[in-house]
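Engineer: Sharing a structure below in structure tokens format, with a few things to ask.
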Amino acid sequence: GLLLLGALAFLAMEWGNPGTLGPQDFRTKLLSSWFQSVTPRTAGFNSIAEENLTKPAAFLTIILMFIGASPGGTGGGIKTTTFAVAVALVRMSVSGGQDVELGRRRMPTDVVGKAITIIMLSLSLVVVATMIVSGLEQARFLDVLFEVVSAFGTVGLSRALTGSLSTASKIVIMGTMFAGRVGPLSLAVALSRQKGSGKARYTEERVTVG
């Protein structure tokens with residue numbers, strides 16, 4: 001779904017862009033759009049200049065890089081299964097159901113909690129790194145966000161910004177890349193103190209949200 005929808009979206013957004021798909025014939029446009037949908041979630045090779053993408057297409061690339069690859073591979077990002085569980089949780093909340101279901105299976109509570117934790121930690125990492133780099137560099141915000149998410153997803157794509165970064169920004173990017181490769185949840189658990197599971201439980205309290 002991500003590959004197909006991403007390819008169709010790129011094709012629509014970049015169809016007449018003279019810097020990307022505009023000069024290409026129809027078959028090449030299809031191939032380039034498909035490749036552009038695949039590469040943000042794998043090795044990070046590019047067949048078109050990322051800095052020439054329109055703003056919507058660049059933002060779509062950021063989303064795909066943030067979602068990343070599937071578990072068990074060498075790709076980064078929050079992982080496709082984490083994204084799928086989060087979507088299933090939203091669907092359950094909107095429909096008023098009691099269980100998070102995915103592929104005719106009920107997801108355990110700890111898996112759902114882990115998925116939301118990974119997304120929140122990853123978003124926090126990207127936000128903080130983007131704020132620091134955008135404060136250090138005289139660059140467009142979209143280019144900085146693209147650079148940070150590319151580092152987090154260990155993708156390797158860039159809008160021609162990497163070479164002009166200051167030393168401080170490069171250190172932030174390297175730290176983001178390391179955290180993205182190890183995994184925000186694994187890194188947070190490793191750095192935090194593990195508390196023993198006590199027998200006492202606090203009284204339940206319902207909080208109004210939304």
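Just so we're on the same page: first chain in the structure tokens is A, next is B, and so on; residues restart at 1 for each chain, and ligands are numbered from 1 in the order they show up.
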Report as JSON lines the residues of stretch 25-65 of chain A within 10 Å of stretch 123-143 of chain A, each with its shortest atom pair and distance in Å (one decimal), using only C-alpha atoms, ordered by chain and increasing residue number.
Structural biologist:
```
{"residue": "A:Glu50", "atom": "CA", "partner": "A:Asp143", "partner_atom": "CA", "distance": 9.8}
{"residue": "A:Glu51", "atom": "CA", "partner": "A:Asp143", "partner_atom": "CA", "distance": 8.1}
{"residue": "A:Lys55", "atom": "CA", "partner": "A:Leu142", "partner_atom": "CA", "distance": 7.9}
{"residue": "A:Ala58", "atom": "CA", "partner": "A:Leu142", "partner_atom": "CA", "distance": 8.0}
{"residue": "A:Phe59", "atom": "CA", "partner": "A:Leu142", "partner_atom": "CA", "distance": 7.8}
{"residue": "A:Ile62", "atom": "CA", "partner": "A:Leu142", "partner_atom": "CA", "distance": 9.4}
```
Engineer: Using only C-alpha atoms, determine which residues lie at most 12 Å from A:Met107, disregarding the query and same-chain residues fewer than 3 positions distant; provide the list as JSON, numbers by chain.
Structural biologist: {"A": [81, 82, 84, 85, 86, 88, 89, 92, 98, 99, 100, 101, 102, 103, 104, 110, 111, 112, 113, 114, 115]}
Engineer: Within 12 Å of A:Ser158, counting only C-alpha atoms, which residues show up once you throw out same-chain ones fewer than 5 positions away? Write them as a list in words, please.
Structural biologist: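 Contacts, in chain order: Pro40, Gly44, Phe45, Asn46, Ile48, Ala49, Glu50, Glu51, Asn52, Leu53, Ala58, Thr61, Ile62, Met65, Leu142, Asp143, Val144, Leu145, Phe146, Glu147, Val148, Val149, Ser150, Ala151, Gly163, Ser164, Leu165 and Ile173 of chain A.
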Engineer: When you look at A:Gly77 with a cut-off of 12 Å (counting only C-alpha atoms), what residues show up, excluding the ones that are within fewer than 3 positions of it in the same chain? I need them as a count of residues only.
Structural biologist: 44
Engineer: Calculate how many Å separate atom CA of A:Leu8 from atom CA of A:Ala160, rounding to one decimal.
Structural biologist: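 Distance reported for this atom pair: 25.0 Å.
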Engineer: So how many Å separate atom CA of A:Ser93 and atom CA of A:Ala9, to one decimal?
Structural biologist: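 Atom-to-atom, atom CA of A:Ser93 and atom CA of A:Ala9 are spaced 27.6 Å apart.
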Engineer: Would you mind telling me which residue in A:Val209, A:Val38, A:Leu21, A:Met174 lies nearest to A:Leu5 when using only C-alpha atoms?
Structural biologist: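 So, comparing all the options, the nearest one is A:Val38.
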Engineer: Select, from A:Val207, A:Ala43, A:Pro23, A:Gly1, the residue with the minimum atom-to-atom distance to A:Leu157, counting only C-alpha atoms.
Structural biologist: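 Closest to A:Leu157 of all the choices is A:Ala43.
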Engineer: From the list A:Val90, A:Pro108, A:Leu31, A:Thr54, which residue is nearest A:Gly16 when using only C-alpha atoms?
Structural biologist: A:Thr54
Engineer: Suppose you want the space between atom CA of A:Thr162 and atom CA of A:Thr20; what is it in Å?
Structural biologist: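 Atom CA of A:Thr162 sits 20.5 Å away from atom CA of A:Thr20.
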